[in-house]
>>> print(open('input.pdb').read())   # PDB, C-alpha atoms
ATOM      1  CA  MET T 350     -44.889  33.133 -34.409
ATOM      2  CA  PRO T 351     -42.887  36.066 -35.874
ATOM      3  CA  VAL T 352     -39.141  36.297 -35.365
ATOM      4  CA  ASN T 353     -37.466  39.492 -34.166
ATOM      5  CA  GLU T 354     -34.849  39.933 -36.873
ATOM      6  CA  THR T 355     -33.015  42.684 -35.005
ATOM      7  CA  LEU T 356     -32.433  40.549 -31.922
ATOM      8  CA  SER T 357     -31.514  37.603 -34.158
ATOM      9  CA  THR T 358     -28.857  39.722 -35.878
ATOM     10  CA  TYR T 359     -27.449  40.884 -32.538
ATOM     11  CA  SER T 360     -27.369  37.235 -31.431
ATOM     12  CA  ASP T 361     -25.312  36.276 -34.473
ATOM     13  CA  TRP T 362     -22.933  39.192 -33.902
ATOM     14  CA  THR T 363     -22.305  38.308 -30.272
ATOM     15  CA  TYR T 364     -21.817  34.660 -31.246
ATOM     16  CA  GLY T 365     -19.152  35.630 -33.772
ATOM     17  CA  ALA T 366     -17.517  37.952 -31.250
ATOM     18  CA  ALA T 367     -17.409  35.124 -28.693
ATOM     19  CA  VAL T 368     -15.630  32.843 -31.187
ATOM     20  CA  SER T 369     -13.028  35.535 -31.877
ATOM     21  CA  VAL T 370     -12.463  36.234 -28.178
ATOM     22  CA  TYR T 371     -12.112  32.524 -27.393
ATOM     23  CA  PHE T 372      -9.548  32.188 -30.172
ATOM     24  CA  VAL T 373      -7.402  35.011 -28.786
ATOM     25  CA  ALA T 374      -7.742  33.586 -25.270
ATOM     26  CA  ALA T 375      -6.584  30.193 -26.526
ATOM     27  CA  VAL T 376      -3.502  31.827 -28.045
ATOM     28  CA  PHE T 377      -2.675  33.493 -24.719
ATOM     29  CA  TYR T 378      -3.065  30.205 -22.835
ATOM     30  CA  LEU T 379      -0.845  28.377 -25.302
ATOM     31  CA  CYS T 380       1.769  31.138 -25.107
ATOM     32  CA  GLU T 381       1.768  30.917 -21.312
ATOM     33  CA  ALA T 382       2.215  27.146 -21.451
ATOM     34  CA  ALA T 383       4.887  27.075 -24.159
ATOM     35  CA  PHE T 384       6.743  30.378 -24.023
ATOM     36  CA  GLY T 385       7.022  31.040 -20.313
ATOM     37  CA  ARG T 386       8.906  27.986 -19.115
ATOM     38  CA  THR T 387      11.025  27.632 -22.255
ATOM     39  CA  LYS T 388      12.122  31.269 -22.176
ATOM     40  CA  ALA T 389      12.828  31.108 -18.456
ATOM     41  CA  ARG T 390      15.059  28.091 -19.027
ATOM     42  CA  GLU T 391      16.969  29.971 -21.737
ATOM     43  CA  LEU T 392      17.488  32.993 -19.488
ATOM     44  CA  VAL T 393      18.662  30.832 -16.607
ATOM     45  CA  GLY T 394      21.217  29.217 -18.910
ATOM     46  CA  ALA T 395      22.453  32.616 -20.022
ATOM     47  CA  ALA T 396      22.664  33.773 -16.418
ATOM     48  CA  LYS T 397      24.824  30.796 -15.510
ATOM     49  CA  VAL T 398      27.356  31.839 -18.123
ATOM     50  CA  ALA T 399      27.364  35.602 -17.698
ATOM     51  CA  GLY T 400      26.415  35.962 -14.045
ATOM     52  CA  THR T 401      23.880  38.505 -12.834
ATOM     53  CA  ALA T 402      25.756  40.420 -10.146
ATOM     54  CA  GLU T 403      28.867  42.574 -10.134
ATOM     55  CA  ASP T 404      30.834  39.907  -8.297
ATOM     56  CA  GLY T 405      29.867  37.285 -10.885
ATOM     57  CA  THR T 406      27.467  35.399  -8.618
ATOM     58  CA  TRP T 407      24.405  33.838 -10.161
ATOM     59  CA  THR T 408      20.917  34.792  -8.999
ATOM     60  CA  PRO T 409      18.544  32.827 -11.222
ATOM     61  CA  GLY T 410      15.538  33.355  -8.992
ATOM     62  CA  LEU T 411      15.038  36.944 -10.169
ATOM     63  CA  VAL T 412      15.306  35.908 -13.818
ATOM     64  CA  VAL T 413      12.859  33.045 -13.459
ATOM     65  CA  ARG T 414      10.362  35.079 -11.456
ATOM     66  CA  HIS T 415      10.508  37.907 -14.006
ATOM     67  CA  GLU T 416       9.860  35.574 -16.914
ATOM     68  CA  ARG T 417       7.158  33.693 -15.033
ATOM     69  CA  SER T 418       5.431  36.978 -14.250
ATOM     70  CA  ARG T 419       5.295  37.761 -17.969
ATOM     71  CA  ALA T 420       3.867  34.321 -18.723
ATOM     72  CA  GLU T 421       1.371  34.629 -15.879
ATOM     73  CA  LYS T 422       0.182  37.939 -17.291
ATOM     74  CA  LEU T 423      -0.620  36.154 -20.538
ATOM     75  CA  GLY T 424      -2.491  33.486 -18.600
ATOM     76  CA  ARG T 425      -4.487  36.036 -16.619
ATOM     77  CA  MET T 426      -5.327  37.856 -19.849
ATOM     78  CA  GLY T 427      -6.508  34.521 -21.237
ATOM     79  CA  VAL T 428      -8.799  34.040 -18.233
ATOM     80  CA  ALA T 429     -10.224  37.550 -18.587
ATOM     81  CA  LEU T 430     -10.899  36.974 -22.274
ATOM     82  CA  THR T 431     -12.495  33.612 -21.515
ATOM     83  CA  VAL T 432     -14.895  35.285 -19.098
ATOM     84  CA  LEU T 433     -15.662  37.959 -21.705
ATOM     85  CA  GLY T 434     -16.250  35.309 -24.366
ATOM     86  CA  ALA T 435     -18.568  33.371 -22.049
ATOM     87  CA  LEU T 436     -20.609  36.517 -21.366
ATOM     88  CA  LEU T 437     -20.851  37.219 -25.105
ATOM     89  CA  GLN T 438     -21.913  33.642 -25.810
ATOM     90  CA  LEU T 439     -24.511  33.735 -23.046
ATOM     91  CA  SER T 440     -25.817  36.993 -24.495
ATOM     92  CA  SER T 441     -26.057  35.322 -27.898
ATOM     93  CA  LEU T 442     -28.186  32.515 -26.458
ATOM     94  CA  VAL T 443     -30.439  34.914 -24.564
ATOM     95  CA  LEU T 444     -30.916  37.138 -27.619
ATOM     96  CA  ARG T 445     -31.737  34.131 -29.812
ATOM     97  CA  GLY T 446     -34.287  33.027 -27.231
ATOM     98  CA  PHE T 447     -35.981  36.444 -27.148
ATOM     99  CA  ALA T 448     -35.853  36.677 -30.943
ATOM    100  CA  THR T 449     -37.699  33.370 -31.385
ATOM    101  CA  GLU T 450     -39.702  33.414 -28.118
ATOM    102  CA  ARG T 451     -38.647  29.866 -27.300
ATOM    103  CA  ALA T 452     -35.798  27.955 -25.683
ATOM    104  CA  PRO T 453     -32.708  28.750 -27.815
ATOM    105  CA  TRP T 454     -31.606  25.187 -28.470
ATOM    106  CA  GLY T 455     -33.984  23.902 -31.119
ATOM    107  CA  ASN T 456     -31.415  23.082 -33.836
ATOM    108  CA  MET T 457     -27.802  22.002 -34.152
ATOM    109  CA  TYR T 458     -26.456  25.552 -34.246
ATOM    110  CA  GLU T 459     -28.170  26.506 -31.001
ATOM    111  CA  TYR T 460     -27.553  23.129 -29.381
ATOM    112  CA  GLY T 461     -23.832  23.405 -30.103
ATOM    113  CA  SER T 462     -23.716  26.914 -28.688
ATOM    114  CA  LEU T 463     -25.239  25.790 -25.393
ATOM    115  CA  LEU T 464     -22.926  22.767 -25.296
ATOM    116  CA  THR T 465     -19.759  24.811 -25.795
ATOM    117  CA  PHE T 466     -20.927  27.445 -23.307
ATOM    118  CA  ALA T 467     -21.345  24.703 -20.695
ATOM    119  CA  ALA T 468     -17.813  23.473 -21.451
ATOM    120  CA  VAL T 469     -16.323  26.961 -21.030
ATOM    121  CA  ALA T 470     -18.271  27.643 -17.832
ATOM    122  CA  THR T 471     -17.096  24.318 -16.412
ATOM    123  CA  TRP T 472     -13.497  25.153 -17.244
ATOM    124  CA  LEU T 473     -13.731  28.547 -15.538
ATOM    125  CA  VAL T 474     -14.969  26.828 -12.375
ATOM    126  CA  LEU T 475     -12.245  24.182 -12.487
ATOM    127  CA  MET T 476      -9.511  26.810 -12.886
ATOM    128  CA  ARG T 477     -10.491  28.209  -9.496
ATOM    129  CA  THR T 478      -9.948  24.804  -7.890
ATOM    130  CA  PHE T 479      -7.037  23.205  -9.752
ATOM    131  CA  PRO T 480      -3.724  24.646 -11.073
ATOM    132  CA  VAL T 481      -4.635  23.919 -14.693
ATOM    133  CA  ARG T 482      -4.864  27.393 -16.214
ATOM    134  CA  LYS T 483      -2.150  26.610 -18.762
ATOM    135  CA  LEU T 484      -4.396  23.928 -20.249
ATOM    136  CA  GLY T 485      -7.005  26.509 -21.224
ATOM    137  CA  GLY T 486      -5.797  26.450 -24.813
ATOM    138  CA  PHE T 487      -6.391  22.707 -25.089
ATOM    139  CA  VAL T 488      -9.990  23.212 -23.931
ATOM    140  CA  LEU T 489     -10.722  26.320 -25.981
ATOM    141  CA  VAL T 490      -9.327  24.971 -29.256
ATOM    142  CA  PRO T 491     -12.062  22.297 -29.618
ATOM    143  CA  VAL T 492     -14.606  24.875 -28.400
ATOM    144  CA  VAL T 493     -13.526  27.302 -31.133
ATOM    145  CA  ILE T 494     -13.634  24.537 -33.747
ATOM    146  CA  LEU T 495     -17.127  23.444 -32.687
ATOM    147  CA  MET T 496     -18.393  27.019 -32.617
ATOM    148  CA  PHE T 497     -16.840  27.806 -36.003
ATOM    149  CA  LEU T 498     -18.550  24.779 -37.529
ATOM    150  CA  GLY T 499     -21.769  25.766 -35.782
ATOM    151  CA  GLY T 500     -21.620  29.301 -37.157
ATOM    152  CA  THR T 501     -20.840  28.184 -40.715
ATOM    153  CA  VAL T 502     -21.735  24.615 -41.696
ATOM    154  CA  LEU T 503     -24.469  24.072 -39.102
ATOM    155  CA  TYR T 504     -25.861  27.598 -38.950
ATOM    156  CA  ALA T 505     -29.661  27.933 -38.991
ATOM    157  CA  GLU T 506     -31.693  31.120 -39.274
ATOM    158  CA  ALA T 507     -33.773  32.072 -36.255
ATOM    159  CA  ALA T 508     -37.171  30.441 -36.698
ATOM    160  CA  PRO T 509     -39.873  28.585 -34.764
ATOM    161  CA  VAL T 510     -39.067  24.948 -34.043
ATOM    162  CA  GLN T 511     -40.757  22.074 -35.817
ATOM    163  CA  PRO T 512     -44.011  20.755 -34.319
ATOM    164  CA  ALA T 513     -42.253  17.690 -32.860
ATOM    165  CA  LEU T 514     -40.150  20.010 -30.683
ATOM    166  CA  GLN T 515     -42.938  22.302 -29.511
ATOM    167  CA  SER T 516     -43.037  20.883 -26.011
ATOM    168  CA  TYR T 517     -41.854  21.874 -22.545
ATOM    169  CA  TRP T 518     -39.595  18.818 -22.783
ATOM    170  CA  LEU T 519     -37.466  20.833 -25.206
ATOM    171  CA  VAL T 520     -36.531  23.043 -22.266
ATOM    172  CA  VAL T 521     -35.882  20.133 -19.907
ATOM    173  CA  HIS T 522     -34.475  17.258 -21.968
ATOM    174  CA  VAL T 523     -32.408  19.120 -24.567
ATOM    175  CA  SER T 524     -30.963  21.611 -22.098
ATOM    176  CA  VAL T 525     -29.863  18.909 -19.638
ATOM    177  CA  ILE T 526     -28.367  16.711 -22.364
ATOM    178  CA  SER T 527     -26.581  19.652 -23.972
ATOM    179  CA  VAL T 528     -25.158  20.999 -20.704
ATOM    180  CA  SER T 529     -24.026  17.566 -19.498
ATOM    181  CA  SER T 530     -22.424  16.820 -22.882
ATOM    182  CA  GLY T 531     -20.624  20.160 -22.746
ATOM    183  CA  ILE T 532     -19.309  19.432 -19.269
ATOM    184  CA  LEU T 533     -18.133  16.003 -20.459
ATOM    185  CA  LEU T 534     -15.981  17.718 -23.086
ATOM    186  CA  VAL T 535     -13.646  18.891 -20.306
ATOM    187  CA  PRO T 536     -12.851  15.454 -18.757
ATOM    188  CA  GLY T 537     -12.488  14.089 -22.271
ATOM    189  CA  VAL T 538      -9.746  16.609 -23.076
ATOM    190  CA  THR T 539      -8.023  16.209 -19.700
ATOM    191  CA  SER T 540      -8.083  12.410 -19.989
ATOM    192  CA  VAL T 541      -6.353  12.634 -23.362
ATOM    193  CA  LEU T 542      -3.774  14.979 -21.818
ATOM    194  CA  TYR T 543      -3.365  12.552 -18.915
ATOM    195  CA  LEU T 544      -2.520   9.774 -21.362
ATOM    196  CA  LEU T 545       0.044  12.036 -23.039
ATOM    197  CA  LYS T 546       1.552  13.106 -19.705
ATOM    198  CA  SER T 547       1.776   9.554 -18.378
ATOM    199  CA  SER T 548       3.535   8.384 -21.547
ATOM    200  CA  GLY T 549       6.763   9.778 -20.079
ATOM    201  CA  ARG T 550       7.799  11.587 -23.246
ATOM    202  CA  ALA T 551       9.800  14.770 -22.747
ATOM    203  CA  ARG T 552       7.626  16.798 -25.114
ATOM    204  CA  PHE T 553       4.692  16.471 -22.670
ATOM    205  CA  ALA T 554       6.691  17.342 -19.561
ATOM    206  CA  LYS T 555       5.170  20.844 -19.419
ATOM    207  CA  LEU T 556       1.685  19.476 -18.764
ATOM    208  CA  PRO T 557       0.420  19.562 -15.158
ATOM    209  CA  ASP T 558       1.008  16.562 -12.920
ATOM    210  CA  ALA T 559      -0.826  13.431 -14.011
ATOM    211  CA  ASP T 560      -2.536  13.285 -10.617
ATOM    212  CA  VAL T 561      -4.042  16.758 -11.161
ATOM    213  CA  LEU T 562      -5.283  15.819 -14.635
ATOM    214  CA  ASP T 563      -6.776  12.619 -13.254
ATOM    215  CA  ARG T 564      -8.649  14.462 -10.495
ATOM    216  CA  VAL T 565      -9.973  17.100 -12.911
ATOM    217  CA  ALA T 566     -11.297  14.406 -15.257
ATOM    218  CA  TYR T 567     -12.827  12.388 -12.432
ATOM    219  CA  ARG T 568     -14.555  15.217 -10.569
ATOM    220  CA  SER T 569     -16.038  16.790 -13.688
ATOM    221  CA  THR T 570     -17.305  13.388 -14.836
ATOM    222  CA  VAL T 571     -18.804  12.691 -11.408
ATOM    223  CA  PHE T 572     -20.681  15.994 -11.645
ATOM    224  CA  SER T 573     -21.912  15.597 -15.230
ATOM    225  CA  PHE T 574     -22.827  11.894 -15.212
ATOM    226  CA  PRO T 575     -26.006  12.318 -13.085
ATOM    227  CA  LEU T 576     -27.091  15.181 -15.370
ATOM    228  CA  PHE T 577     -26.481  12.999 -18.416
ATOM    229  CA  THR T 578     -28.526  10.233 -16.803
ATOM    230  CA  ILE T 579     -31.396  12.627 -16.053
ATOM    231  CA  GLY T 580     -31.276  13.867 -19.645
ATOM    232  CA  ILE T 581     -31.644  10.332 -21.021
ATOM    233  CA  ILE T 582     -34.535   9.588 -18.651
ATOM    234  CA  CYS T 583     -36.293  12.823 -19.651
ATOM    235  CA  GLY T 584     -35.775  11.914 -23.289
ATOM    236  CA  ALA T 585     -37.420   8.537 -22.714
ATOM    237  CA  ILE T 586     -40.407  10.182 -21.038
ATOM    238  CA  TRP T 587     -40.704  12.658 -23.914
ATOM    239  CA  ALA T 588     -40.465   9.803 -26.423
ATOM    240  CA  GLU T 589     -43.349   7.988 -24.714
ATOM    241  CA  ALA T 590     -45.484  11.125 -24.845
ATOM    242  CA  ALA T 591     -44.601  11.923 -28.471
ATOM    243  CA  TRP T 592     -44.213   8.487 -30.076
ATOM    244  CA  GLY T 593     -45.941   6.114 -27.675
ATOM    245  CA  ARG T 594     -42.837   4.251 -26.492
ATOM    246  CA  PHE T 595     -40.043   4.957 -24.020
ATOM    247  CA  TRP T 596     -37.266   3.449 -26.096
ATOM    248  CA  GLY T 597     -37.045   2.532 -29.774
ATOM    249  CA  TRP T 598     -33.305   2.016 -30.381
ATOM    250  CA  ASP T 599     -33.171   5.058 -32.622
ATOM    251  CA  PRO T 600     -29.519   5.689 -33.674
ATOM    252  CA  LYS T 601     -29.174   8.690 -31.379
ATOM    253  CA  GLU T 602     -30.805   6.869 -28.481
ATOM    254  CA  THR T 603     -28.526   3.884 -29.016
ATOM    255  CA  VAL T 604     -25.287   5.872 -29.113
ATOM    256  CA  ALA T 605     -26.397   7.942 -26.105
ATOM    257  CA  PHE T 606     -26.986   4.717 -24.180
ATOM    258  CA  VAL T 607     -23.561   3.390 -25.217
ATOM    259  CA  CYS T 608     -22.028   6.676 -24.000
ATOM    260  CA  TRP T 609     -23.829   6.274 -20.690
ATOM    261  CA  VAL T 610     -22.470   2.730 -20.295
ATOM    262  CA  VAL T 611     -18.922   3.904 -21.095
ATOM    263  CA  TYR T 612     -19.040   6.720 -18.537
ATOM    264  CA  ALA T 613     -20.525   4.374 -15.945
ATOM    265  CA  ALA T 614     -17.643   1.997 -16.675
ATOM    266  CA  TYR T 615     -15.177   4.872 -16.261
ATOM    267  CA  LEU T 616     -16.534   5.826 -12.846
ATOM    268  CA  HIS T 617     -16.471   2.181 -11.780
ATOM    269  CA  ALA T 618     -12.919   1.791 -13.081
ATOM    270  CA  ARG T 619     -11.822   4.979 -11.370
ATOM    271  CA  ALA T 620     -13.195   3.644  -8.062
ATOM    272  CA  THR T 621     -11.397   0.323  -8.517
ATOM    273  CA  ALA T 622      -7.730   0.375  -7.536
ATOM    274  CA  GLY T 623      -6.610  -1.939 -10.330
ATOM    275  CA  TRP T 624      -8.214   0.188 -13.039
ATOM    276  CA  ARG T 625      -7.136   3.673 -12.045
ATOM    277  CA  GLY T 626      -4.714   5.671 -14.102
ATOM    278  CA  ARG T 627      -4.244   4.934 -17.791
ATOM    279  CA  PRO T 628      -6.947   2.236 -18.143
ATOM    280  CA  ALA T 629      -9.581   4.563 -16.674
ATOM    281  CA  ALA T 630      -8.335   7.474 -18.809
ATOM    282  CA  TRP T 631      -8.658   5.352 -21.951
ATOM    283  CA  ILE T 632     -12.284   4.590 -21.061
ATOM    284  CA  ASN T 633     -13.038   8.281 -20.520
ATOM    285  CA  ALA T 634     -11.359   9.201 -23.800
ATOM    286  CA  LEU T 635     -13.565   6.610 -25.522
ATOM    287  CA  GLY T 636     -16.654   8.228 -23.992
ATOM    288  CA  PHE T 637     -15.465  11.600 -25.301
ATOM    289  CA  ALA T 638     -15.022  10.189 -28.811
ATOM    290  CA  LEU T 639     -18.507   8.659 -28.721
ATOM    291  CA  ASN T 640     -19.972  11.970 -27.577
ATOM    292  CA  VAL T 641     -18.432  13.791 -30.540
ATOM    293  CA  PHE T 642     -19.563  10.977 -32.863
ATOM    294  CA  ASN T 643     -23.104  11.297 -31.519
ATOM    295  CA  LEU T 644     -23.041  15.058 -31.928
ATOM    296  CA  PHE T 645     -21.985  15.116 -35.577
ATOM    297  CA  PHE T 646     -22.346  11.783 -37.372
ATOM    298  CA  ILE T 647     -25.609  10.640 -35.786
ATOM    299  CA  ASN T 648     -27.285  14.044 -36.068
ATOM    300  CA  LEU T 649     -26.156  14.851 -39.593
ATOM    301  CA  VAL T 650     -25.563  11.587 -41.444
ATOM    302  CA  THR T 651     -27.893   8.894 -40.162
ATOM    303  CA  THR T 652     -31.674   8.894 -40.552
ATOM    304  CA  GLY T 653     -33.865   8.438 -37.490
ATOM    305  CA  LEU T 654     -36.493  10.014 -35.293
ATOM    306  CA  HIS T 655     -33.958  12.613 -34.168
ATOM    307  CA  SER T 656     -33.217  13.797 -37.720
ATOM    308  CA  TYR T 657     -35.150  16.992 -37.038
ATOM    309  CA  ALA T 658     -32.231  18.044 -34.830
ATOM    310  CA  GLY T 659     -30.068  18.559 -37.883
ATOM    311  CA  VAL T 660     -29.058  21.759 -39.619
ATOM    312  CA  GLY T 661     -32.552  23.108 -40.202
TER     313      GLY T 661
END
>>> encode(input="input.pdb", output="structure tokens")
Amino acid sequence: MPVNETLSTYSDWTYGAAVSVYFVAAVFYLCEAAFGRTKARELVGAAKVAGTAEDGTWTPGLVVRHERSRAEKLGRMGVALTVLGALLQLSSLVLRGFATERAPWGNMYEYGSLLTFAAVATWLVLMRTFPVRKLGGFVLVPVVILMFLGGTVLYAEAAPVQPALQSYWLVVHVSVISVSSGILLVPGVTSVLYLLKSSGRARFAKLPDADVLDRVAYRSTVFSFPLFTIGIICGAIWAEAAWGRFWGWDPKETVAFVCWVVYAAYLHARATAGWRGRPAAWINALGFALNVFNLFFINLVTTGLHSYAGVG
């Protein structure tokens, strides 16, 4: 089928704009996390020496609130830019879909775009529930890196998918796996931050409470794990229809199954009193590493039945 080159071009433009907006948002988040509290501490120290009233009394509250308000403005600007970037990225996916007249996740470039969009959308939802806005930079940095690689190294021109992918299962299986993998990026990052926070080192004191990080990682994993499970089941059904078997221990199938076992172990560990905290966080971080390994190494380096999901 013909490809609408105009819509494809607009899709690429909005994708690039989303990457740029996410990058600026990440800078604002990082400035809020690093600059705000440090600067407030410096001003409080200066106020102790010089005093802030005519009688020499010290009123640090006004100084701290003023500096916090400046930092919070940066954070709110970061949130606004994140929303704008998400809308641009969603527009890019929709335009690519209309340009090719198919589901816009038929290659690594499109798959990665849907995955990172799911991660950003998840983070926006979590920020409304937990006081973790300052961690936005830690989430957006890997998103920007993944999208940059997708738009350069993994980029693929808009085109019809290969015959093996011309199935309604492309809409069901690939979308569910991509969205669940994107959601799992968030608990992976927060589990790593939890391990840093719980190390007790002063350099990580600015991170949110370890309990908050633990709850963010757990709740997002609880939500995404059933989706990931459904995605694997749908993939097995598609494999039976396409190749005549439900499971063939293809490299991507194998690593996906290992990821599923690791996340199941994490949820079990998190529900077991003796394995909460750092042991559970280590398991979740391992699942995150395997997810990234499956995304890049398995898709691009190894040879298997899923090789068609590569760059082209």
>>> atom_distance(input="input.pdb", atom1="atom CA of Arg594 of chain T", atom2="atom CA of Met457 of chain T")
24.5 Å
>>> resolve_selection(input="input.pdb", expression="the PyMOL selection byres ((chain T and resi 472) around 9)", output="PyMOL selection string")
chain T and resi 467-471+473-477+482+485+488+532+535
>>> resolve_selection(input="input.pdb", expression="the PyMOL selection byres ((chain T and resi 496) around 9)", output="list in words")
Tyr364, Gly365, Val368, Tyr458, Gly461, Ser462, Thr465, Pro491, Val492, Val493, Ile494, Leu495, Phe497, Leu498, Gly499, Gly500 and Thr501 of chain T
>>> write_last_selection(input="input.pdb", atoms="C-alpha atoms", output="CSV table (one decimal), in the coordinates of the input")
chain,number,residue,atom,x,y,z
T,364,TYR,CA,-21.8,34.7,-31.2
T,365,GLY,CA,-19.2,35.6,-33.8
T,368,VAL,CA,-15.6,32.8,-31.2
T,458,TYR,CA,-26.5,25.6,-34.2
T,461,GLY,CA,-23.8,23.4,-30.1
T,462,SER,CA,-23.7,26.9,-28.7
T,465,THR,CA,-19.8,24.8,-25.8
T,491,PRO,CA,-12.1,22.3,-29.6
T,492,VAL,CA,-14.6,24.9,-28.4
T,493,VAL,CA,-13.5,27.3,-31.1
T,494,ILE,CA,-13.6,24.5,-33.7
T,495,LEU,CA,-17.1,23.4,-32.7
T,497,PHE,CA,-16.8,27.8,-36.0
T,498,LEU,CA,-18.6,24.8,-37.5
T,499,GLY,CA,-21.8,25.8,-35.8
T,500,GLY,CA,-21.6,29.3,-37.2
T,501,THR,CA,-20.8,28.2,-40.7
>>> closest_atom_pairs(input="input.pdb", of="segment 429-541 of chain T", to="segment 565-580 of chain T", cutoff="8 Å", atoms="all atoms listed in the file", output="CSV")
residue,atom,partner,partner_atom,distance
T:Leu475,CA,T:Val565,CA,7.4
T:Phe479,CA,T:Val565,CA,7.5
T:Val521,CA,T:Gly580,CA,7.8
T:His522,CA,T:Gly580,CA,5.2
T:Val523,CA,T:Gly580,CA,7.3
T:Val525,CA,T:Gly580,CA,5.2
T:Ile526,CA,T:Gly580,CA,4.9
T:Ser529,CA,T:Ser573,CA,5.2
T:Ser530,CA,T:Phe577,CA,7.1
T:Ile532,CA,T:Ser573,CA,6.1
T:Leu533,CA,T:Thr570,CA,6.3
T:Val535,CA,T:Ala566,CA,7.2
T:Pro536,CA,T:Ala566,CA,4.0
T:Gly537,CA,T:Ala566,CA,7.1
T:Thr539,CA,T:Ala566,CA,5.8
T:Ser540,CA,T:Ala566,CA,6.1
>>> closest_residue(input="input.pdb", among="T:Lys601, T:Arg627, T:Arg619, T:Lys483", to="Ala559 of chain T", atoms="only C-alpha atoms")
T:Arg627
>>> resolve_selection(input="input.pdb", expression="the PyMOL selection byres ((chain T and resi 614) around 12)", output="ChimeraX atom specification")
/T:570-571,574,607-613,615-621,624-625,628-636
>>> atom_distance(input="input.pdb", atom1="atom CA of Phe595 of chain T", atom2="atom CA of Glu459 of chain T")
25.6 Å
>>> decode(input="input.pdb", residues="segment 550-555 of chain T", atoms="all heavy atoms", output="PDB file, in the first residue's frame")
ATOM      1  N   ARG T 550      24.483   7.061  51.852  1.00  0.00           N
ATOM      2  CA  ARG T 550      25.499   8.034  51.479  1.00  0.00           C
ATOM      3  C   ARG T 550      24.887   9.434  51.378  1.00  0.00           C
ATOM      4  O   ARG T 550      23.777   9.603  50.901  1.00  0.00           O
ATOM      5  CB  ARG T 550      26.136   7.653  50.153  1.00  0.00           C
ATOM      6  CG  ARG T 550      26.887   6.321  50.218  1.00  0.00           C
ATOM      7  CD  ARG T 550      27.538   5.996  48.895  1.00  0.00           C
ATOM      8  NE  ARG T 550      28.242   4.716  48.957  1.00  0.00           N
ATOM      9  CZ  ARG T 550      28.894   4.166  47.939  1.00  0.00           C
ATOM     10  NH1 ARG T 550      28.914   4.795  46.760  1.00  0.00           N
ATOM     11  NH2 ARG T 550      29.490   3.010  48.079  1.00  0.00           N
ATOM     12  N   ALA T 551      25.663  10.422  51.817  1.00  0.00           N
ATOM     13  CA  ALA T 551      25.152  11.789  51.889  1.00  0.00           C
ATOM     14  C   ALA T 551      24.796  12.340  50.519  1.00  0.00           C
ATOM     15  O   ALA T 551      23.874  13.152  50.388  1.00  0.00           O
ATOM     16  CB  ALA T 551      26.187  12.689  52.562  1.00  0.00           C
ATOM     17  N   ARG T 552      25.495  11.899  49.477  1.00  0.00           N
ATOM     18  CA  ARG T 552      25.253  12.453  48.149  1.00  0.00           C
ATOM     19  C   ARG T 552      23.859  12.113  47.608  1.00  0.00           C
ATOM     20  O   ARG T 552      23.373  12.749  46.680  1.00  0.00           O
ATOM     21  CB  ARG T 552      26.313  11.943  47.174  1.00  0.00           C
ATOM     22  CG  ARG T 552      26.192  10.464  46.841  1.00  0.00           C
ATOM     23  CD  ARG T 552      27.318  10.004  45.933  1.00  0.00           C
ATOM     24  NE  ARG T 552      28.580   9.971  46.643  1.00  0.00           N
ATOM     25  CZ  ARG T 552      29.719   9.535  46.097  1.00  0.00           C
ATOM     26  NH1 ARG T 552      29.720   9.117  44.845  1.00  0.00           N
ATOM     27  NH2 ARG T 552      30.827   9.526  46.786  1.00  0.00           N
ATOM     28  N   PHE T 553      23.225  11.084  48.202  1.00  0.00           N
ATOM     29  CA  PHE T 553      21.883  10.668  47.760  1.00  0.00           C
ATOM     30  C   PHE T 553      20.803  11.099  48.741  1.00  0.00           C
ATOM     31  O   PHE T 553      19.664  10.644  48.651  1.00  0.00           O
ATOM     32  CB  PHE T 553      21.833   9.152  47.572  1.00  0.00           C
ATOM     33  CG  PHE T 553      22.879   8.621  46.635  1.00  0.00           C
ATOM     34  CD1 PHE T 553      23.781   7.646  47.053  1.00  0.00           C
ATOM     35  CD2 PHE T 553      22.977   9.101  45.336  1.00  0.00           C
ATOM     36  CE1 PHE T 553      24.750   7.164  46.198  1.00  0.00           C
ATOM     37  CE2 PHE T 553      23.945   8.624  44.469  1.00  0.00           C
ATOM     38  CZ  PHE T 553      24.831   7.653  44.892  1.00  0.00           C
ATOM     39  N   ALA T 554      21.155  11.991  49.660  1.00  0.00           N
ATOM     40  CA  ALA T 554      20.194  12.410  50.681  1.00  0.00           C
ATOM     41  C   ALA T 554      19.032  13.204  50.093  1.00  0.00           C
ATOM     42  O   ALA T 554      17.951  13.267  50.687  1.00  0.00           O
ATOM     43  CB  ALA T 554      20.908  13.241  51.748  1.00  0.00           C
ATOM     44  N   LYS T 555      19.236  13.834  48.932  1.00  0.00           N
ATOM     45  CA  LYS T 555      18.187  14.658  48.332  1.00  0.00           C
ATOM     46  C   LYS T 555      17.082  13.833  47.694  1.00  0.00           C
ATOM     47  O   LYS T 555      16.023  14.373  47.349  1.00  0.00           O
ATOM     48  CB  LYS T 555      18.791  15.589  47.285  1.00  0.00           C
ATOM     49  CG  LYS T 555      19.771  16.603  47.844  1.00  0.00           C
ATOM     50  CD  LYS T 555      20.334  17.470  46.727  1.00  0.00           C
ATOM     51  CE  LYS T 555      21.362  18.454  47.273  1.00  0.00           C
ATOM     52  NZ  LYS T 555      21.933  19.297  46.190  1.00  0.00           N
TER      53      LYS T 555
END
